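J.: I have a structure I would like to understand better, so I am pasting it below and will then ask my questions one at a time.
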Amino acid sequence: MSLGLLLHATIVLPLLALVGILLLRDRPNLRDGVSLVAGVLVFACVATIYQRFTAGERIELTWFEILPGLSLSFSLEALGLLFALVAGFLWPVTTLYAIGYMRGHGEANQTRFYLFFALAMAAVFAIAFSANLFTLFIFYEVLTLSTYPLVTHAGTEKARKGGRVYLGMLLGSSILLLLLAIIATWTLAGTLTFTAGGIFPDDTPAWVLSVLLALFVFGIGKAAIMPVHRWLPAAMVAPTPVSALLHAVAVVKAGVFTLLKVCVFVFGVDTLPTLPVTQWLIYLAGLTIVLASLVALYKDNLKARLAYSTVAQLAYVTLGALVATELAIAGSALHIAMHAFGKITLFFCAGAIMVACHKTEVSQMQGLGRVMPVTMTAFLVASLSIIGLPPAGGTWSKWLLIGGSLEADQQLMVAVLITSSLLNIAYLLPIPLRAFFGSASDDGHGPERSVREAPLPALIALVITAVMCVGLFAFPNAVFDLAQRIYG
Amino acid sequence: MLTHLPILQVIVPLLAAPLCLMLDGSRFVWAFALLASLLAGVISGLLLWQVETGGTLSYALGGWQAPIGIEYRIDLLSAYLLLIVSAMGTLVLLGAYRSVNKELAAGARTYFYVAYLLCLAGLLGIVAAGDAFNVFVFLEISSLGSYILISLGRDRRALWAAFQYLVVGTIGATFILIGVGFLYAMTGTLNMMDLAQRIPSVSESTTVLVAFTFLVVGVCLKLAMFPLHVWLPNAYAFAPSIATAFLAASATKVAVYLLFRFSFGVFGVALTESILPLQEVFIGLGLAGVFVASLVAISQHNIKRMLAYSSVAQIGYMIIGYGLDSQAGTTAALLHLFNHALMKAALFMALAAVVYHHGSVLLKDLAGLGTTMPWTAAALVGGGLSLIGVPLTVGFISKWYLVQAALEQDLWWLALLIVVGSLLAIVYVWRMIEPMYFAPASSDRPRSVGNTPEAPRSLLLVIWILVAANLYFGIDTRLPVGIAEAAAQQIFGVRF
């Protein structure tokens, strides 16, 4: 198969799955099978693309020109491929999980759920492979809109309110700031094509670039830098598979991915450190890391705690993108992958606990390790990855980020990263430890005897991702190679 | 035959209107009216093709040449407008039959189609005429048609709304007539091309300035520019649904065209720029329109009224484009003119489907629409997204060009305010979308037609053609962008 066809396939296959899901809406088994098969096929495509890419093949595709000079185009590049690999691997796994979860939880409107899920994934691959900022923006908005029905899936008053915050902040920030920044970039540079070293003419005044950088950082709401992070906890009203894949992987990673792209391929790593505003934005990222971790510490609801943890972890990537040294960029890119596997496992576990024994609060999970040993072990492994301890993949990305900060003389940020690790330990580790060693309290909060592990498909999914966390510690080379190619 | 197209464009619907009275039965009248407007649509398509290949057309009525006779002049801008108006007129009429039968008493239906065709003929005439006095005549024809259309609304307040519009519209038309009169006194001609040639030699005189002021204020009354918009929300809210869709998609667009035609085509920018701070005034009023009307729209309970205020806001964007007074700004305004016609036609037709079943379009009527009328609800979502300006819809294209035009002149604050304005659109669109999908359908609602809650097929077909057009022209933008850019170039080409 030609490389172009494979690239098309990653975007078109989810759309075809959409049609299949719609046609088979009355036969749940076949319908879910379609999602699963589409997911596996897409991953096979991305994996093949990866092989071709490492062999040195490159490609540019153009669908059509929407406005003169502005076309929907896709191209192959290391960072995008990394993002596509992560999303492509996790989509079928999450589908597997969703089959167990949605049925175990007896959710209504499952067809609509899989429908918009497939649409969101098509948007994710289009974002990953987009060749210019214009294409990226279009699918960024498609992703926002296609995930709105997923966030509000329950249809309750709470879901409606959460959906309002979600849509209001994401659509608002992107239209108000990001679109403005993109049009300004177009007016100044005359192109929006991602180019190594940046696209702005050399004589662009520094203050203009500073304003633009700030517009980008706050406009890319999906990167959830404070104060545009509120949508992420609000999105937790969604069913757990959505929180897991979209709000720990696809949507938020699309945000930091966009930011990395903008920093490296629109501004250029040489320009960034010269701008007066960069240092302030780095401080803001550091502040987000610490504050979000502190908030996570006080959240008793497990999903809310994980959401704030995500806010902090996303700021790692933002930090690395802004510091923009060779190590920092590689660390950022690597963190996209490492955090994805860690956080999706944690969400899978949270969902499994909810389905198996209907518990959502951290304080209710004492002694749960004895009835759900597999789930809680996976939780422990994933926690280690988020903290950045061996034997989990998160170790490497954090290592590189700290190295990158040192390289750029950002000692304060080194301190922030280390503090954050300690905070991570404080808000994550007690959960599995108490689950294994804490005694089930007698006040009705302990697990009932009847509780078993979550439905089998869900269990398989969370074991796969937990194993991947360890696997990425032992064999990080494939991902690391890609991450290293991004810088210059 | 082909050389007579400019006059046929106007005369076909104009003659078809009285002929309607001779037919019996609303089905025949509708079919006949549809045929006439379809013919007008075909003619405007041919005209556009002729203009694009052969340049501006000039047609001397009755063979009398311009200074003495009446000239019809079709340049790219007019051909573009003719196509918008006749295409919208035809599409809306195509879906009209069931809705009109439902909303209007049997005796009123024929009058509806007669007025509709008169209004269409008037609007087409305004655009085709190359003579300032004929513009006034056709303006009156179209206005009279629209007063009747509005007054046919089944709510008794429709009469009052029509009367309000009648008063304001007459003032506007009178202003235009006064302006034209002054110009005639100063230059001795009514032909627009001649006027454009002779005005520079008398541009020092106050009379010309007064004429300009009267013309612009008169036109702004017709196009419902803030703060001259007060007639519009009532007129749109109480008119029959089909009439609202037609007027929203065409009448204000033609008024915007007149603004461009008079200020750039007749007076020339050089004159007006030097005397009045017009750029600042129009940008200011446009922005005020966007913000005030959007905020008012957010607090409305009647969806038709809400979208009417949204129209005022959207007109504000066109006025901003006009006020930018540049080729890019004009392109943006002309583009939005086309795109806004598509959005509002789609939305108001979808509302016609809601009215068909519920008799009204209050927010509570939308409850549960996502399950009872899924196709109509989805169309409202599609039109709403286009109104917000989400990528891959036409609204996005308009916004892109307008923001770009503002940035081109280093007006950062203006670019920012334009995007803030579209945030307000999210709020009022979402007020419409939420009840459709989150509120349960109330059980005591009147179910009109048996147990098929979805809108009639004919109406749905038109709604979805329009929604599809919203998406199609958001992706393949060659037609509107190409024409808008070329037309803007024609206007500003004259200037330099």
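Ordered as shown in the structure tokens, chains take letters A, B, and onward, while each chain numbers its residues from 1 and ligands are numbered from 1 in the order shown.
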Which residues of chain A come within 7 Å of chain B, and what is each one's closest atom pair and distance in Å (one decimal), counting only C-alpha atoms, sorted by chain and residue number, as a tab-separated table?
T.:
residue	atom	partner	partner_atom	distance
A:Ile66	CA	B:Ile475	CA	5.4
A:Leu67	CA	B:Thr477	CA	6.6
A:Ile138	CA	B:Pro391	CA	5.3
A:Glu141	CA	B:Pro391	CA	6.9
A:Gly155	CA	B:Phe438	CA	5.8
A:Gly172	CA	B:Leu423	CA	6.1
A:Ile175	CA	B:Val419	CA	6.5
A:Leu176	CA	B:Val419	CA	5.3
A:Ile183	CA	B:Gln404	CA	6.2
A:Ala184	CA	B:Leu407	CA	6.7
A:Thr187	CA	B:Gln404	CA	6.9
J.: Which residues are close to A:Met413, i.e. within 9 Å by only C-alpha atoms, leaving aside same-chain residues fewer than 5 positions away? Reply as a list in words.
T.: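 Near neighbours after the sequence-gap exclusion: Ile282, Tyr283, Gly286, Leu319, Ile402, Ser405, Leu406 and Ile418 of chain A.
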J.: Produce a file of the selected residues containing N, CA and C atoms, as a PDB file, in the first residue's frame.
T.:
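What follows is the written file out.pdb:
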ATOM      1  N   ILE A 282       6.623  30.526  31.130  1.00  0.00           N
ATOM      2  CA  ILE A 282       7.248  29.372  31.799  1.00  0.00           C
ATOM      3  C   ILE A 282       6.884  29.368  33.281  1.00  0.00           C
ATOM      4  N   TYR A 283       6.940  30.579  33.899  1.00  0.00           N
ATOM      5  CA  TYR A 283       6.542  30.665  35.307  1.00  0.00           C
ATOM      6  C   TYR A 283       5.095  30.218  35.485  1.00  0.00           C
ATOM      7  N   GLY A 286       4.868  26.562  35.457  1.00  0.00           N
ATOM      8  CA  GLY A 286       5.332  26.046  36.747  1.00  0.00           C
ATOM      9  C   GLY A 286       4.272  26.207  37.814  1.00  0.00           C
ATOM     10  N   LEU A 319       5.579  23.399  29.647  1.00  0.00           N
ATOM     11  CA  LEU A 319       6.859  23.887  30.166  1.00  0.00           C
ATOM     12  C   LEU A 319       8.002  23.508  29.225  1.00  0.00           C
ATOM     13  N   ILE A 402      13.703  17.549  33.262  1.00  0.00           N
ATOM     14  CA  ILE A 402      14.593  18.173  34.249  1.00  0.00           C
ATOM     15  C   ILE A 402      15.918  18.532  33.587  1.00  0.00           C
ATOM     16  N   SER A 405      15.500  21.634  31.519  1.00  0.00           N
ATOM     17  CA  SER A 405      15.410  22.849  32.324  1.00  0.00           C
ATOM     18  C   SER A 405      16.790  23.272  32.811  1.00  0.00           C
ATOM     19  N   LEU A 406      17.602  22.287  33.172  1.00  0.00           N
ATOM     20  CA  LEU A 406      18.973  22.610  33.604  1.00  0.00           C
ATOM     21  C   LEU A 406      19.752  23.216  32.444  1.00  0.00           C
ATOM     22  N   ILE A 418      10.583  18.762  40.692  1.00  0.00           N
ATOM     23  CA  ILE A 418      10.846  17.820  41.783  1.00  0.00           C
ATOM     24  C   ILE A 418       9.750  17.905  42.849  1.00  0.00           C
TER      25      ILE A 418
END
J.: Restricting the calculation to only C-alpha atoms: of A:Leu180, A:Leu143, A:Leu429, A:Leu5, which residue gets closest to B:Leu402?
T.: A:Leu180
J.: Please give the complete set of residues from stretch 50-144 of chain B that DSSP, run on the backbone, assigns to alpha helix (DSSP H), formatted as a PDB file with N, CA and C atoms, in the first residue's frame.
T.:
ATOM      1  N   GLN B  50     -22.965  35.139 -18.206  1.00  0.00           N
ATOM      2  CA  GLN B  50     -22.668  36.140 -19.247  1.00  0.00           C
ATOM      3  C   GLN B  50     -21.699  37.202 -18.731  1.00  0.00           C
ATOM      4  N   VAL B  51     -21.952  37.664 -17.498  1.00  0.00           N
ATOM      5  CA  VAL B  51     -21.100  38.726 -16.958  1.00  0.00           C
ATOM      6  C   VAL B  51     -19.679  38.210 -16.738  1.00  0.00           C
ATOM      7  N   GLU B  52     -19.587  36.982 -16.256  1.00  0.00           N
ATOM      8  CA  GLU B  52     -18.255  36.440 -15.991  1.00  0.00           C
ATOM      9  C   GLU B  52     -17.467  36.238 -17.269  1.00  0.00           C
ATOM     10  N   THR B  53     -18.170  35.881 -18.342  1.00  0.00           N
ATOM     11  CA  THR B  53     -17.428  35.651 -19.577  1.00  0.00           C
ATOM     12  C   THR B  53     -17.288  36.922 -20.407  1.00  0.00           C
ATOM     13  N   GLY B  54     -18.346  37.748 -20.430  1.00  0.00           N
ATOM     14  CA  GLY B  54     -18.319  38.881 -21.358  1.00  0.00           C
ATOM     15  C   GLY B  54     -18.246  40.253 -20.711  1.00  0.00           C
ATOM     16  N   LEU B  76     -20.711  42.516 -12.140  1.00  0.00           N
ATOM     17  CA  LEU B  76     -20.491  41.294 -11.373  1.00  0.00           C
ATOM     18  C   LEU B  76     -21.231  41.342 -10.042  1.00  0.00           C
ATOM     19  N   LEU B  77     -21.170  42.515  -9.392  1.00  0.00           N
ATOM     20  CA  LEU B  77     -21.825  42.644  -8.091  1.00  0.00           C
ATOM     21  C   LEU B  77     -23.326  42.422  -8.228  1.00  0.00           C
ATOM     22  N   SER B  78     -23.952  43.048  -9.241  1.00  0.00           N
ATOM     23  CA  SER B  78     -25.404  42.864  -9.385  1.00  0.00           C
ATOM     24  C   SER B  78     -25.738  41.426  -9.732  1.00  0.00           C
ATOM     25  N   ALA B  79     -24.935  40.819 -10.610  1.00  0.00           N
ATOM     26  CA  ALA B  79     -25.226  39.446 -11.000  1.00  0.00           C
ATOM     27  C   ALA B  79     -25.165  38.522  -9.785  1.00  0.00           C
ATOM     28  N   TYR B  80     -24.201  38.776  -8.930  1.00  0.00           N
ATOM     29  CA  TYR B  80     -24.025  38.006  -7.691  1.00  0.00           C
ATOM     30  C   TYR B  80     -25.265  38.135  -6.815  1.00  0.00           C
ATOM     31  N   LEU B  81     -25.725  39.390  -6.637  1.00  0.00           N
ATOM     32  CA  LEU B  81     -26.906  39.633  -5.813  1.00  0.00           C
ATOM     33  C   LEU B  81     -28.150  39.008  -6.433  1.00  0.00           C
ATOM     34  N   LEU B  82     -28.270  39.143  -7.768  1.00  0.00           N
ATOM     35  CA  LEU B  82     -29.430  38.557  -8.437  1.00  0.00           C
ATOM     36  C   LEU B  82     -29.501  37.059  -8.172  1.00  0.00           C
ATOM     37  N   LEU B  83     -28.337  36.432  -8.234  1.00  0.00           N
ATOM     38  CA  LEU B  83     -28.306  34.990  -8.013  1.00  0.00           C
ATOM     39  C   LEU B  83     -28.706  34.661  -6.577  1.00  0.00           C
ATOM     40  N   ILE B  84     -28.165  35.394  -5.622  1.00  0.00           N
ATOM     41  CA  ILE B  84     -28.514  35.126  -4.222  1.00  0.00           C
ATOM     42  C   ILE B  84     -30.019  35.260  -4.029  1.00  0.00           C
ATOM     43  N   VAL B  85     -30.578  36.390  -4.490  1.00  0.00           N
ATOM     44  CA  VAL B  85     -31.986  36.673  -4.228  1.00  0.00           C
ATOM     45  C   VAL B  85     -32.879  35.648  -4.912  1.00  0.00           C
ATOM     46  N   SER B  86     -32.608  35.373  -6.187  1.00  0.00           N
ATOM     47  CA  SER B  86     -33.528  34.469  -6.881  1.00  0.00           C
ATOM     48  C   SER B  86     -33.340  33.032  -6.412  1.00  0.00           C
ATOM     49  N   ALA B  87     -32.123  32.638  -6.081  1.00  0.00           N
ATOM     50  CA  ALA B  87     -31.925  31.272  -5.591  1.00  0.00           C
ATOM     51  C   ALA B  87     -32.611  31.091  -4.243  1.00  0.00           C
ATOM     52  N   MET B  88     -32.462  32.069  -3.362  1.00  0.00           N
ATOM     53  CA  MET B  88     -33.113  31.976  -2.059  1.00  0.00           C
ATOM     54  C   MET B  88     -34.632  32.005  -2.227  1.00  0.00           C
ATOM     55  N   GLY B  89     -35.093  32.896  -3.108  1.00  0.00           N
ATOM     56  CA  GLY B  89     -36.533  32.993  -3.352  1.00  0.00           C
ATOM     57  C   GLY B  89     -37.099  31.664  -3.821  1.00  0.00           C
ATOM     58  N   THR B  90     -36.381  31.003  -4.725  1.00  0.00           N
ATOM     59  CA  THR B  90     -36.868  29.735  -5.264  1.00  0.00           C
ATOM     60  C   THR B  90     -36.837  28.645  -4.205  1.00  0.00           C
ATOM     61  N   LEU B  91     -35.738  28.548  -3.498  1.00  0.00           N
ATOM     62  CA  LEU B  91     -35.603  27.478  -2.508  1.00  0.00           C
ATOM     63  C   LEU B  91     -36.653  27.602  -1.415  1.00  0.00           C
ATOM     64  N   VAL B  92     -36.825  28.829  -0.926  1.00  0.00           N
ATOM     65  CA  VAL B  92     -37.796  29.030   0.146  1.00  0.00           C
ATOM     66  C   VAL B  92     -39.192  28.678  -0.358  1.00  0.00           C
ATOM     67  N   LEU B  93     -39.482  29.095  -1.582  1.00  0.00           N
ATOM     68  CA  LEU B  93     -40.806  28.828  -2.137  1.00  0.00           C
ATOM     69  C   LEU B  93     -41.026  27.325  -2.335  1.00  0.00           C
ATOM     70  N   LEU B  94     -39.963  26.624  -2.682  1.00  0.00           N
ATOM     71  CA  LEU B  94     -40.059  25.179  -2.897  1.00  0.00           C
ATOM     72  C   LEU B  94     -40.576  24.470  -1.644  1.00  0.00           C
ATOM     73  N   ALA B  96     -42.404  25.927   0.639  1.00  0.00           N
ATOM     74  CA  ALA B  96     -43.411  26.781   1.266  1.00  0.00           C
ATOM     75  C   ALA B  96     -44.792  26.135   1.368  1.00  0.00           C
ATOM     76  N   TYR B  97     -45.119  25.246   0.415  1.00  0.00           N
ATOM     77  CA  TYR B  97     -46.523  24.861   0.219  1.00  0.00           C
ATOM     78  C   TYR B  97     -47.222  24.406   1.504  1.00  0.00           C
ATOM     79  N   ARG B  98     -46.655  23.399   2.170  1.00  0.00           N
ATOM     80  CA  ARG B  98     -47.324  22.844   3.347  1.00  0.00           C
ATOM     81  C   ARG B  98     -47.391  23.861   4.469  1.00  0.00           C
ATOM     82  N   SER B  99     -46.304  24.586   4.637  1.00  0.00           N
ATOM     83  CA  SER B  99     -46.255  25.550   5.728  1.00  0.00           C
ATOM     84  C   SER B  99     -47.268  26.670   5.520  1.00  0.00           C
ATOM     85  N   VAL B 100     -47.376  27.154   4.285  1.00  0.00           N
ATOM     86  CA  VAL B 100     -48.331  28.228   3.999  1.00  0.00           C
ATOM     87  C   VAL B 100     -49.760  27.727   4.197  1.00  0.00           C
ATOM     88  N   ASN B 101     -50.050  26.523   3.729  1.00  0.00           N
ATOM     89  CA  ASN B 101     -51.389  25.967   3.924  1.00  0.00           C
ATOM     90  C   ASN B 101     -51.736  25.865   5.399  1.00  0.00           C
ATOM     91  N   LYS B 102     -50.741  25.554   6.190  1.00  0.00           N
ATOM     92  CA  LYS B 102     -50.973  25.371   7.615  1.00  0.00           C
ATOM     93  C   LYS B 102     -51.162  26.710   8.322  1.00  0.00           C
ATOM     94  N   GLU B 103     -50.350  27.690   7.944  1.00  0.00           N
ATOM     95  CA  GLU B 103     -50.327  28.930   8.712  1.00  0.00           C
ATOM     96  C   GLU B 103     -51.327  29.966   8.232  1.00  0.00           C
ATOM     97  N   ARG B 109     -54.086  32.670   0.963  1.00  0.00           N
ATOM     98  CA  ARG B 109     -52.904  32.009   0.376  1.00  0.00           C
ATOM     99  C   ARG B 109     -52.508  32.601  -0.969  1.00  0.00           C
ATOM    100  N   THR B 110     -53.526  32.856  -1.814  1.00  0.00           N
ATOM    101  CA  THR B 110     -53.189  33.399  -3.127  1.00  0.00           C
ATOM    102  C   THR B 110     -52.471  34.732  -2.975  1.00  0.00           C
ATOM    103  N   TYR B 111     -53.003  35.567  -2.057  1.00  0.00           N
ATOM    104  CA  TYR B 111     -52.367  36.872  -1.846  1.00  0.00           C
ATOM    105  C   TYR B 111     -50.927  36.714  -1.397  1.00  0.00           C
ATOM    106  N   PHE B 112     -50.708  35.668  -0.598  1.00  0.00           N
ATOM    107  CA  PHE B 112     -49.349  35.440  -0.124  1.00  0.00           C
ATOM    108  C   PHE B 112     -48.407  35.247  -1.315  1.00  0.00           C
ATOM    109  N   TYR B 113     -48.818  34.374  -2.231  1.00  0.00           N
ATOM    110  CA  TYR B 113     -47.923  34.108  -3.361  1.00  0.00           C
ATOM    111  C   TYR B 113     -47.782  35.328  -4.268  1.00  0.00           C
ATOM    112  N   VAL B 114     -48.875  36.085  -4.418  1.00  0.00           N
ATOM    113  CA  VAL B 114     -48.798  37.302  -5.221  1.00  0.00           C
ATOM    114  C   VAL B 114     -47.789  38.273  -4.601  1.00  0.00           C
ATOM    115  N   ALA B 115     -47.937  38.482  -3.296  1.00  0.00           N
ATOM    116  CA  ALA B 115     -47.036  39.420  -2.621  1.00  0.00           C
ATOM    117  C   ALA B 115     -45.593  38.926  -2.681  1.00  0.00           C
ATOM    118  N   TYR B 116     -45.461  37.625  -2.549  1.00  0.00           N
ATOM    119  CA  TYR B 116     -44.124  37.025  -2.581  1.00  0.00           C
ATOM    120  C   TYR B 116     -43.444  37.327  -3.919  1.00  0.00           C
ATOM    121  N   LEU B 117     -44.184  37.107  -4.996  1.00  0.00           N
ATOM    122  CA  LEU B 117     -43.599  37.347  -6.317  1.00  0.00           C
ATOM    123  C   LEU B 117     -43.328  38.832  -6.547  1.00  0.00           C
ATOM    124  N   LEU B 118     -44.254  39.675  -6.072  1.00  0.00           N
ATOM    125  CA  LEU B 118     -44.023  41.122  -6.213  1.00  0.00           C
ATOM    126  C   LEU B 118     -42.758  41.526  -5.489  1.00  0.00           C
ATOM    127  N   CYS B 119     -42.621  41.008  -4.284  1.00  0.00           N
ATOM    128  CA  CYS B 119     -41.451  41.345  -3.483  1.00  0.00           C
ATOM    129  C   CYS B 119     -40.188  40.873  -4.196  1.00  0.00           C
ATOM    130  N   LEU B 120     -40.253  39.654  -4.723  1.00  0.00           N
ATOM    131  CA  LEU B 120     -39.102  39.114  -5.446  1.00  0.00           C
ATOM    132  C   LEU B 120     -38.766  39.990  -6.656  1.00  0.00           C
ATOM    133  N   ALA B 121     -39.816  40.349  -7.419  1.00  0.00           N
ATOM    134  CA  ALA B 121     -39.590  41.178  -8.608  1.00  0.00           C
ATOM    135  C   ALA B 121     -38.966  42.508  -8.207  1.00  0.00           C
ATOM    136  N   GLY B 122     -39.485  43.106  -7.113  1.00  0.00           N
ATOM    137  CA  GLY B 122     -38.952  44.384  -6.663  1.00  0.00           C
ATOM    138  C   GLY B 122     -37.483  44.282  -6.295  1.00  0.00           C
ATOM    139  N   LEU B 123     -37.150  43.236  -5.537  1.00  0.00           N
ATOM    140  CA  LEU B 123     -35.762  43.081  -5.099  1.00  0.00           C
ATOM    141  C   LEU B 123     -34.836  42.878  -6.291  1.00  0.00           C
ATOM    142  N   LEU B 124     -35.290  42.057  -7.238  1.00  0.00           N
ATOM    143  CA  LEU B 124     -34.459  41.826  -8.417  1.00  0.00           C
ATOM    144  C   LEU B 124     -34.307  43.120  -9.217  1.00  0.00           C
ATOM    145  N   GLY B 125     -35.412  43.894  -9.271  1.00  0.00           N
ATOM    146  CA  GLY B 125     -35.376  45.155 -10.004  1.00  0.00           C
ATOM    147  C   GLY B 125     -34.393  46.141  -9.406  1.00  0.00           C
ATOM    148  N   ILE B 126     -34.372  46.227  -8.074  1.00  0.00           N
ATOM    149  CA  ILE B 126     -33.437  47.150  -7.424  1.00  0.00           C
ATOM    150  C   ILE B 126     -32.017  46.862  -7.880  1.00  0.00           C
ATOM    151  N   VAL B 127     -31.705  45.556  -7.930  1.00  0.00           N
ATOM    152  CA  VAL B 127     -30.335  45.170  -8.244  1.00  0.00           C
ATOM    153  C   VAL B 127     -30.031  45.382  -9.730  1.00  0.00           C
ATOM    154  N   ALA B 128     -31.048  45.123 -10.573  1.00  0.00           N
ATOM    155  CA  ALA B 128     -30.786  45.193 -12.009  1.00  0.00           C
ATOM    156  C   ALA B 128     -30.755  46.632 -12.523  1.00  0.00           C
ATOM    157  N   ALA B 132     -31.119  55.594 -10.790  1.00  0.00           N
ATOM    158  CA  ALA B 132     -31.424  55.822  -9.380  1.00  0.00           C
ATOM    159  C   ALA B 132     -32.918  55.900  -9.120  1.00  0.00           C
ATOM    160  N   PHE B 133     -33.681  56.485 -10.058  1.00  0.00           N
ATOM    161  CA  PHE B 133     -35.107  56.603  -9.810  1.00  0.00           C
ATOM    162  C   PHE B 133     -35.787  55.236  -9.876  1.00  0.00           C
ATOM    163  N   ASN B 134     -35.330  54.401 -10.824  1.00  0.00           N
ATOM    164  CA  ASN B 134     -35.893  53.056 -10.902  1.00  0.00           C
ATOM    165  C   ASN B 134     -35.602  52.247  -9.658  1.00  0.00           C
ATOM    166  N   VAL B 135     -34.441  52.505  -9.073  1.00  0.00           N
ATOM    167  CA  VAL B 135     -34.135  51.848  -7.810  1.00  0.00           C
ATOM    168  C   VAL B 135     -35.220  52.173  -6.804  1.00  0.00           C
ATOM    169  N   PHE B 136     -35.595  53.452  -6.747  1.00  0.00           N
ATOM    170  CA  PHE B 136     -36.636  53.862  -5.809  1.00  0.00           C
ATOM    171  C   PHE B 136     -37.958  53.165  -6.116  1.00  0.00           C
ATOM    172  N   VAL B 137     -38.299  53.097  -7.405  1.00  0.00           N
ATOM    173  CA  VAL B 137     -39.575  52.472  -7.787  1.00  0.00           C
ATOM    174  C   VAL B 137     -39.609  51.010  -7.362  1.00  0.00           C
ATOM    175  N   PHE B 138     -38.542  50.298  -7.672  1.00  0.00           N
ATOM    176  CA  PHE B 138     -38.528  48.878  -7.319  1.00  0.00           C
ATOM    177  C   PHE B 138     -38.469  48.675  -5.810  1.00  0.00           C
ATOM    178  N   LEU B 139     -37.811  49.621  -5.144  1.00  0.00           N
ATOM    179  CA  LEU B 139     -37.755  49.547  -3.687  1.00  0.00           C
ATOM    180  C   LEU B 139     -39.161  49.601  -3.122  1.00  0.00           C
ATOM    181  N   GLU B 140     -39.979  50.491  -3.685  1.00  0.00           N
ATOM    182  CA  GLU B 140     -41.362  50.601  -3.224  1.00  0.00           C
ATOM    183  C   GLU B 140     -42.149  49.327  -3.539  1.00  0.00           C
ATOM    184  N   ILE B 141     -41.931  48.782  -4.730  1.00  0.00           N
ATOM    185  CA  ILE B 141     -42.644  47.542  -5.080  1.00  0.00           C
ATOM    186  C   ILE B 141     -42.297  46.435  -4.087  1.00  0.00           C
ATOM    187  N   SER B 142     -41.000  46.258  -3.841  1.00  0.00           N
ATOM    188  CA  SER B 142     -40.603  45.181  -2.936  1.00  0.00           C
ATOM    189  C   SER B 142     -41.105  45.456  -1.526  1.00  0.00           C
ATOM    190  N   SER B 143     -41.098  46.744  -1.119  1.00  0.00           N
ATOM    191  CA  SER B 143     -41.553  47.053   0.231  1.00  0.00           C
ATOM    192  C   SER B 143     -43.034  46.766   0.375  1.00  0.00           C
ATOM    193  N   LEU B 144     -43.812  47.181  -0.615  1.00  0.00           N
ATOM    194  CA  LEU B 144     -45.250  46.919  -0.540  1.00  0.00           C
ATOM    195  C   LEU B 144     -45.504  45.413  -0.447  1.00  0.00           C
TER     196      LEU B 144
END
J.: Could you list, as JSON, numbers by chain, every residue within 7 Å of A:Phe216, counting only C-alpha atoms and ignoring same-chain residues fewer than 2 positions away?
T.: {"A": [177, 178, 181, 212, 213, 214, 218, 219, 220]}
J.: Within 10 Å of A:Lys253, counting only C-alpha atoms, which residues qualify if same-chain residues fewer than 6 places away don't, as a list of chain:residue names?
T.: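 Once the adjacent positions are removed, what remains is A:Phe83, A:Val86, A:Ala87, A:Val124, A:Ala128, A:Lys222, A:Ala223, A:Leu246, A:His247, A:Leu259, A:Leu314, A:Val317, A:His335, A:Ile336, A:Ala337, A:His339, A:Ala340.
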J.: Near A:Ala315, counting only C-alpha atoms, which residues have an atom at most 6 Å away, once you skip same-chain residues fewer than 3 positions from it, shown as a PyMOL selection string?
T.: chain A and resi 285+289+312+318-319
J.: How many Å separate atom CA of B:Trp413 from atom CA of B:Leu324?
T.: 13.3 Å
J.: Given only C-alpha atoms as the basis, pick out the residue of B:Ile199, B:Leu104, B:Ala425, B:Leu183 nearest to B:Gly359.
T.: B:Leu104
J.: Could you jot down the atom CA of B:Gly395 to atom CA of B:Gly383 separation for me, Å, one decimal place?
T.: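 Computing the Euclidean distance for atom CA of B:Gly395 and atom CA of B:Gly383 yields 9.4 Å.
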